[in-house]
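K.L.:
The following file, model-v7.pdb, comprises PDB, C-alpha atoms:
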```pdb
ATOM      1  CA  ARG A   1      -0.081 -14.041  -5.106
ATOM      2  CA  LEU A   2       2.075 -13.426  -2.055
ATOM      3  CA  ASN A   3       0.939 -16.719  -0.559
ATOM      4  CA  TRP A   4       1.660 -18.560  -3.799
ATOM      5  CA  GLY A   5       5.179 -17.144  -3.938
ATOM      6  CA  LYS A   6       5.730 -17.958  -0.276
ATOM      7  CA  GLU A   7       4.655 -21.575  -0.703
ATOM      8  CA  TRP A   8       6.729 -21.958  -3.871
ATOM      9  CA  VAL A   9       9.891 -20.688  -2.180
ATOM     10  CA  ASN A  10       9.162 -22.841   0.900
ATOM     11  CA  ALA A  11       9.048 -25.954  -1.264
ATOM     12  CA  ARG A  12      12.253 -25.054  -3.114
ATOM     13  CA  VAL A  13      14.144 -24.215   0.075
ATOM     14  CA  ASP A  14      13.069 -27.546   1.597
ATOM     15  CA  SER A  15      14.261 -29.313  -1.529
ATOM     16  CA  LEU A  16      17.553 -27.421  -1.427
ATOM     17  CA  TYR A  17      18.009 -28.382   2.233
ATOM     18  CA  ARG A  18      17.625 -32.060   1.337
ATOM     19  CA  THR A  19      20.040 -31.703  -1.570
ATOM     20  CA  ILE A  20      22.832 -30.113   0.456
ATOM     21  CA  LYS A  21      24.819 -32.717   2.359
ATOM     22  CA  THR A  22      27.263 -30.705   4.482
ATOM     23  CA  ASP A  23      26.586 -29.149   7.880
ATOM     24  CA  GLU A  24      27.939 -25.826   6.669
ATOM     25  CA  GLY A  25      25.554 -25.791   3.724
ATOM     26  CA  LYS A  26      22.586 -26.737   5.872
ATOM     27  CA  LYS A  27      23.469 -23.940   8.314
ATOM     28  CA  LEU A  28      23.440 -21.455   5.439
ATOM     29  CA  VAL A  29      19.953 -22.645   4.458
ATOM     30  CA  ASP A  30      18.862 -22.360   8.110
ATOM     31  CA  ASP A  31      20.222 -18.810   8.157
ATOM     32  CA  LEU A  32      18.241 -18.046   5.003
ATOM     33  CA  GLN A  33      15.052 -19.381   6.568
ATOM     34  CA  ASP A  34      15.654 -17.438   9.785
ATOM     35  CA  VAL A  35      16.183 -14.129   7.961
ATOM     36  CA  ARG A  36      13.204 -14.838   5.718
ATOM     37  CA  LYS A  37      10.747 -15.748   8.489
ATOM     38  CA  ASN A  38      11.910 -13.553  11.363
ATOM     39  CA  GLY A  39      13.112 -10.529   9.427
ATOM     40  CA  TYR A  40      11.816 -10.201   5.879
ATOM     41  CA  PHE A  41       8.291 -11.533   6.481
ATOM     42  CA  VAL A  42       7.885  -9.549   9.715
ATOM     43  CA  ALA A  43       8.865  -6.288   7.999
ATOM     44  CA  ARG A  44       6.712  -7.085   4.968
ATOM     45  CA  THR A  45       3.654  -7.831   7.117
ATOM     46  CA  GLU A  46       4.131  -4.627   9.101
ATOM     47  CA  MET A  47       4.354  -2.570   5.926
ATOM     48  CA  LEU A  48       1.233  -4.225   4.489
ATOM     49  CA  ASN A  49      -0.653  -3.469   7.706
ATOM     50  CA  HIS A  50       0.310   0.197   7.377
ATOM     51  CA  LEU A  51      -0.949   0.208   3.792
ATOM     52  CA  LYS A  52      -4.235  -1.470   4.726
ATOM     53  CA  SER A  53      -4.837   1.022   7.555
ATOM     54  CA  GLY A  54      -4.156   3.972   5.244
ATOM     55  CA  ASN A  55      -0.983   4.996   7.082
ATOM     56  CA  ARG A  56       0.933   5.886   3.936
ATOM     57  CA  THR A  57       3.679   7.807   5.734
ATOM     58  CA  GLU A  58       4.718   4.803   7.817
ATOM     59  CA  ALA A  59       4.381   2.473   4.818
ATOM     60  CA  VAL A  60       6.779   4.605   2.771
ATOM     61  CA  LYS A  61       9.123   4.823   5.755
ATOM     62  CA  MET A  62       9.073   1.032   6.054
ATOM     63  CA  LEU A  63       9.524   0.510   2.297
ATOM     64  CA  PHE A  64      12.737   2.539   2.209
ATOM     65  CA  GLY A  65      13.852   1.687   5.742
ATOM     66  CA  ASP A  66      13.455  -1.503   7.740
ATOM     67  CA  PHE A  67      11.855  -3.490   4.917
ATOM     68  CA  ARG A  68      14.687  -2.619   2.551
ATOM     69  CA  GLU A  69      17.245  -3.663   5.165
ATOM     70  CA  GLN A  70      15.496  -6.989   5.757
ATOM     71  CA  GLN A  71      15.179  -7.555   2.020
ATOM     72  CA  ARG A  72      18.914  -6.914   1.626
ATOM     73  CA  ALA A  73      19.677  -9.355   4.447
ATOM     74  CA  TYR A  74      17.411 -11.915   2.754
ATOM     75  CA  MET A  75      19.251 -11.561  -0.541
ATOM     76  CA  ASP A  76      22.633 -11.650   1.216
ATOM     77  CA  ALA A  77      21.676 -14.957   2.851
ATOM     78  CA  ALA A  78      20.648 -16.367  -0.543
ATOM     79  CA  ASN A  79      23.876 -15.133  -2.134
ATOM     80  CA  ALA A  80      25.869 -16.744   0.677
ATOM     81  CA  ILE A  81      24.439 -20.098  -0.429
ATOM     82  CA  ILE A  82      25.435 -19.337  -4.019
ATOM     83  CA  LYS A  83      28.987 -18.501  -2.928
ATOM     84  CA  TYR A  84      29.178 -21.708  -0.933
ATOM     85  CA  GLN A  85      27.969 -23.716  -3.906
ATOM     86  CA  ASN A  86      30.529 -21.996  -6.139
ATOM     87  CA  ASP A  87      33.257 -23.239  -3.856
ATOM     88  CA  LEU A  88      31.820 -26.768  -3.922
ATOM     89  CA  VAL A  89      31.676 -26.750  -7.718
ATOM     90  CA  LYS A  90      35.408 -26.206  -7.860
ATOM     91  CA  GLN A  91      35.928 -29.176  -5.546
ATOM     92  CA  ALA A  92      33.230 -31.746  -6.325
ATOM     93  CA  GLY A  93      32.394 -31.323 -10.002
ATOM     94  CA  GLU A  94      29.099 -32.326 -11.652
ATOM     95  CA  GLU A  95      26.998 -33.179  -8.563
ATOM     96  CA  ALA A  96      27.837 -29.928  -6.859
ATOM     97  CA  ASP A  97      27.272 -28.088 -10.134
ATOM     98  CA  GLU A  98      23.713 -29.424 -10.238
ATOM     99  CA  THR A  99      23.086 -28.177  -6.686
ATOM    100  CA  HIS A 100      24.701 -24.868  -7.585
ATOM    101  CA  SER A 101      22.365 -24.471 -10.558
ATOM    102  CA  PHE A 102      19.366 -25.195  -8.327
ATOM    103  CA  ALA A 103      20.511 -22.667  -5.720
ATOM    104  CA  SER A 104      21.170 -20.048  -8.402
ATOM    105  CA  THR A 105      17.689 -20.520  -9.835
ATOM    106  CA  LEU A 106      16.176 -20.258  -6.370
ATOM    107  CA  THR A 107      18.052 -17.017  -5.717
ATOM    108  CA  ILE A 108      16.863 -15.546  -9.010
ATOM    109  CA  ILE A 109      13.255 -16.456  -8.190
ATOM    110  CA  ILE A 110      13.591 -14.955  -4.698
ATOM    111  CA  ALA A 111      14.965 -11.747  -6.216
ATOM    112  CA  ILE A 112      12.131 -11.572  -8.761
ATOM    113  CA  LEU A 113       9.454 -12.155  -6.111
ATOM    114  CA  ALA A 114      11.011  -9.533  -3.848
ATOM    115  CA  LEU A 115      11.142  -7.045  -6.728
ATOM    116  CA  LEU A 116       7.520  -7.746  -7.671
ATOM    117  CA  PHE A 117       6.469  -7.121  -4.083
ATOM    118  CA  VAL A 118       8.323  -3.789  -3.992
ATOM    119  CA  LEU A 119       6.735  -2.734  -7.291
ATOM    120  CA  ALA A 120       3.276  -3.782  -6.070
ATOM    121  CA  ALA A 121       3.774  -1.900  -2.802
ATOM    122  CA  ALA A 122       4.959   1.213  -4.649
ATOM    123  CA  TYR A 123       1.941   1.008  -6.971
ATOM    124  CA  PHE A 124      -0.410   0.553  -4.021
ATOM    125  CA  ILE A 125       1.110   3.528  -2.214
ATOM    126  CA  THR A 126       0.734   5.657  -5.351
ATOM    127  CA  GLN A 127      -2.874   4.554  -5.780
ATOM    128  CA  SER A 128      -3.561   5.241  -2.100
ATOM    129  CA  ILE A 129      -2.600   8.856  -2.822
ATOM    130  CA  THR A 130      -4.134   9.476  -6.237
ATOM    131  CA  LYS A 131      -7.556   7.919  -5.580
ATOM    132  CA  PRO A 132      -8.330   9.923  -2.411
ATOM    133  CA  VAL A 133      -7.019  13.109  -4.043
ATOM    134  CA  LYS A 134      -9.346  12.524  -7.002
ATOM    135  CA  LEU A 135     -12.185  11.925  -4.538
ATOM    136  CA  VAL A 136     -11.437  15.179  -2.712
ATOM    137  CA  MET A 137     -11.192  17.168  -5.950
ATOM    138  CA  GLY A 138     -14.430  15.625  -7.193
ATOM    139  CA  ARG A 139     -16.206  16.611  -3.993
ATOM    140  CA  VAL A 140     -14.877  20.184  -4.276
ATOM    141  CA  ALA A 141     -16.154  20.338  -7.868
ATOM    142  CA  GLN A 142     -19.563  19.059  -6.740
ATOM    143  CA  LEU A 143     -19.701  21.615  -3.949
ATOM    144  CA  GLU A 144     -18.875  24.440  -6.318
ATOM    145  CA  GLY A 145     -21.041  23.205  -9.192
ATOM    146  CA  ALA A 146     -24.136  22.343  -7.152
ATOM    147  CA  CYS A 147     -24.460  23.750  -3.645
ATOM    148  CA  ILE A 148     -22.559  27.027  -3.958
ATOM    149  CA  THR A 149     -23.840  27.795  -7.449
ATOM    150  CA  ASN A 150     -27.457  27.047  -6.515
ATOM    151  CA  LEU A 151     -27.128  29.016  -3.294
ATOM    152  CA  GLY A 152     -25.821  31.969  -5.260
ATOM    153  CA  LYS A 153     -28.759  31.785  -7.670
ATOM    154  CA  GLY A 154     -31.190  31.540  -4.765
ATOM    155  CA  LEU A 155     -29.734  34.560  -3.015
ATOM    156  CA  VAL A 156     -29.897  36.636  -6.211
ATOM    157  CA  ALA A 157     -33.525  35.602  -6.748
ATOM    158  CA  LEU A 158     -34.401  36.306  -3.111
ATOM    159  CA  GLU A 159     -32.842  39.745  -3.401
ATOM    160  CA  ASN A 160     -35.208  40.392  -6.327
ATOM    161  CA  GLY A 161     -38.217  39.235  -4.317
ATOM    162  CA  ASP A 162     -38.379  35.692  -5.696
ATOM    163  CA  ALA A 163     -38.500  33.143  -2.860
ATOM    164  CA  SER A 164     -39.443  30.189  -5.018
ATOM    165  CA  ILE A 165     -35.933  28.764  -5.521
ATOM    166  CA  LYS A 166     -35.257  25.946  -3.091
ATOM    167  CA  VAL A 167     -31.638  24.991  -2.487
ATOM    168  CA  VAL A 168     -30.829  21.406  -1.480
ATOM    169  CA  LYS A 169     -27.667  20.274   0.340
ATOM    170  CA  GLU A 170     -26.358  17.908  -2.328
ATOM    171  CA  THR A 171     -22.705  17.642  -1.280
ATOM    172  CA  GLU A 172     -21.854  15.219   1.523
ATOM    173  CA  THR A 173     -18.714  15.374   3.633
ATOM    174  CA  LEU A 174     -15.855  13.008   2.790
ATOM    175  CA  LYS A 175     -15.284  11.645   6.310
ATOM    176  CA  LEU A 176     -11.826  10.303   5.443
ATOM    177  CA  THR A 177      -9.902   9.003   8.451
ATOM    178  CA  ARG A 178      -6.437   9.077   6.881
ATOM    179  CA  LYS A 179      -3.655  10.455   9.064
ATOM    180  CA  ASP A 180      -1.586  12.113   6.345
ATOM    181  CA  GLU A 181      -1.581  15.164   4.080
ATOM    182  CA  VAL A 182      -4.503  13.848   2.035
ATOM    183  CA  GLY A 183      -6.506  13.334   5.235
ATOM    184  CA  ASP A 184      -5.732  16.908   6.317
ATOM    185  CA  LEU A 185      -6.912  18.183   2.932
ATOM    186  CA  ALA A 186     -10.102  16.115   3.153
ATOM    187  CA  ARG A 187     -10.888  17.470   6.624
ATOM    188  CA  THR A 188     -10.378  21.023   5.368
ATOM    189  CA  VAL A 189     -12.779  20.362   2.496
ATOM    190  CA  ASP A 190     -15.273  18.826   4.944
ATOM    191  CA  GLY A 191     -15.119  22.040   6.965
ATOM    192  CA  ILE A 192     -15.929  24.081   3.868
ATOM    193  CA  ILE A 193     -18.787  21.719   2.991
ATOM    194  CA  LEU A 194     -20.265  22.078   6.485
ATOM    195  CA  LYS A 195     -20.080  25.867   6.230
ATOM    196  CA  ALA A 196     -21.776  25.737   2.832
ATOM    197  CA  GLN A 197     -24.491  23.499   4.284
ATOM    198  CA  ALA A 198     -24.975  25.945   7.156
ATOM    199  CA  GLY A 199     -25.314  28.731   4.586
ATOM    200  CA  ILE A 200     -27.968  26.733   2.738
ATOM    201  CA  ASP A 201     -29.856  26.121   6.001
ATOM    202  CA  ALA A 202     -29.782  29.847   6.732
ATOM    203  CA  TYR A 203     -30.967  30.681   3.233
ATOM    204  CA  GLU A 204     -33.798  28.153   3.426
ATOM    205  CA  GLY A 205     -34.854  29.562   6.794
ATOM    206  CA  VAL A 206     -35.083  33.060   5.359
ATOM    207  CA  ARG A 207     -36.761  31.825   2.183
ATOM    208  CA  VAL A 208     -39.468  29.988   4.122
ATOM    209  CA  LYS A 209     -40.171  33.049   6.268
ATOM    210  CA  VAL A 210     -40.405  35.282   3.217
ATOM    211  CA  THR A 211     -42.770  32.786   1.589
ATOM    212  CA  ASP A 212     -44.943  32.695   4.727
ATOM    213  CA  LEU A 213     -45.090  36.484   4.845
ATOM    214  CA  GLY A 214     -46.126  36.541   1.212
ATOM    215  CA  ASP A 215     -48.961  34.107   1.920
TER     216      ASP A 215
END
```
Could you write out this structure as structure tokens?
P.N.:
Amino acid sequence: RLNWGKEWVNARVDSLYRTIKTDEGKKLVDDLQDVRKNGYFVARTEMLNHLKSGNRTEAVKMLFGDFREQQRAYMDAANAIIKYQNDLVKQAGEEADETHSFASTLTIIIAILALLFVLAAAYFITQSITKPVKLVMGRVAQLEGACITNLGKGLVALENGDASIKVVKETETLKLTRKDEVGDLARTVDGIILKAQAGIDAYEGVRVKVTDLGD
């Protein structure tokens, strides 16, 4: 979708460049292209890379920092073309009015595409938080509902002389590599899982020895 929007705007900007006849107008379009390619797209790509690598903190920082500034500069450059066309309309009449209408439409489309990108990025950032948190909470529930509960039952049975209950390590560690608060939480849960697994290993060792003594 991003590529489609990029190609669409490229085609319309090229068409606008051909439509504008004055050097001043062409310079304004050149300024728009420069801000778009060397500012807006660079910031957008950097923010997307942060999102793809799971670096949510930097992505949020970019979204409300450098990316927002570049987006504002992009819109300012587009609005500068609109202002220029407004001045031409007053001087040249119908032909300039047609170009003005085209430039206005282009600016509206640019604004809509920029807004859609911000909304998509915000949604992605939100999902990048909620999904891992759900995964962590699900793993905690599994640990409590399977490993810890079964270990507790086994220990109670062993205390009563019953060594027949085998406890299996059913809960795997999360192994999340995120470098944010969710990653810290996941690593804490992994530590608890490893301790629970060590407890199961110890229980199984004792259980096997008790079974052997009974035989």
K.L.:
Determine the nearest neighbour of Asp30 in chain A from the options A:Ala121, A:Tyr74, A:Lys179, A:Arg68, counting all atoms listed in the file.
P.N.:
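Ranking A:Ala121, A:Tyr74, A:Lys179, A:Arg68 by distance to Asp30 in chain A, first place goes to A:Tyr74.
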K.L.:
With the file shown as input, list the residues that the PyMOL selection byres ((chain A and resi 61) around 12) selects, as a ChimeraX atom specification.
P.N.:
/A:43,46-47,50-51,55-60,62-69,122,125
K.L.:
Could the residues in this selection be saved with C-alpha atoms as a CSV table (one decimal), in the coordinates of the input?
P.N.:
```csv
chain,number,residue,atom,x,y,z
A,43,ALA,CA,8.9,-6.3,8.0
A,46,GLU,CA,4.1,-4.6,9.1
A,47,MET,CA,4.4,-2.6,5.9
A,50,HIS,CA,0.3,0.2,7.4
A,51,LEU,CA,-0.9,0.2,3.8
A,55,ASN,CA,-1.0,5.0,7.1
A,56,ARG,CA,0.9,5.9,3.9
A,57,THR,CA,3.7,7.8,5.7
A,58,GLU,CA,4.7,4.8,7.8
A,59,ALA,CA,4.4,2.5,4.8
A,60,VAL,CA,6.8,4.6,2.8
A,62,MET,CA,9.1,1.0,6.1
A,63,LEU,CA,9.5,0.5,2.3
A,64,PHE,CA,12.7,2.5,2.2
A,65,GLY,CA,13.9,1.7,5.7
A,66,ASP,CA,13.5,-1.5,7.7
A,67,PHE,CA,11.9,-3.5,4.9
A,68,ARG,CA,14.7,-2.6,2.6
A,69,GLU,CA,17.2,-3.7,5.2
A,122,ALA,CA,5.0,1.2,-4.6
A,125,ILE,CA,1.1,3.5,-2.2
```
K.L.:
How far is it from CA of Arg12 in chain A to CA of Leu48 in chain A, in Å with one decimal?
P.N.:
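Rounded to one decimal, the two atoms are 24.8 Å apart.
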K.L.:
Name the residues captured by the PyMOL selection byres ((chain A and resi 172) around 10) when it is applied to the shown file; answer as a PDB file with C-alpha atoms, in the frame of the given file.
P.N.:
```
ATOM      1  CA  ARG A 139     -16.206  16.611  -3.993  1.00  0.00           C
ATOM      2  CA  GLN A 142     -19.563  19.059  -6.740  1.00  0.00           C
ATOM      3  CA  LEU A 143     -19.701  21.615  -3.949  1.00  0.00           C
ATOM      4  CA  LYS A 169     -27.667  20.274   0.340  1.00  0.00           C
ATOM      5  CA  GLU A 170     -26.358  17.908  -2.328  1.00  0.00           C
ATOM      6  CA  THR A 171     -22.705  17.642  -1.280  1.00  0.00           C
ATOM      7  CA  THR A 173     -18.714  15.374   3.633  1.00  0.00           C
ATOM      8  CA  LEU A 174     -15.855  13.008   2.790  1.00  0.00           C
ATOM      9  CA  LYS A 175     -15.284  11.645   6.310  1.00  0.00           C
ATOM     10  CA  ASP A 190     -15.273  18.826   4.944  1.00  0.00           C
ATOM     11  CA  ILE A 193     -18.787  21.719   2.991  1.00  0.00           C
ATOM     12  CA  LEU A 194     -20.265  22.078   6.485  1.00  0.00           C
ATOM     13  CA  GLN A 197     -24.491  23.499   4.284  1.00  0.00           C
TER      14      GLN A 197
END
```
K.L.:
Could you list, as number ranges by chain, every residue matched by the PyMOL selection byres ((chain A and resi 128-133) around 9) in this structure?
P.N.:
A: 51, 54, 56, 123-127, 134-138, 176, 182-183, 185-186
K.L.:
Rounded to one decimal, what separation in Å do you get between CA of Asn10 in chain A and CA of Leu119 in chain A?
P.N.:
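We find that CA of Asn10 in chain A and CA of Leu119 in chain A lie 21.8 Å from each other.
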K.L.:
Measuring atom to atom with only C-alpha atoms, identify which of A:Lys195, A:Arg72, A:Lys26, A:Lys21 is nearest to Gly39 in chain A.
P.N.:
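Checking each candidate against Gly39 in chain A, we get A:Arg72 as the closest.
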K.L.:
Looking at A:Val140, A:Val118, A:Leu151, A:Ala73, which one is nearest to Lys37 in chain A, with distances taken over only C-alpha atoms?
P.N.:
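Ranked by minimum distance to Lys37 in chain A, first place goes to A:Ala73.
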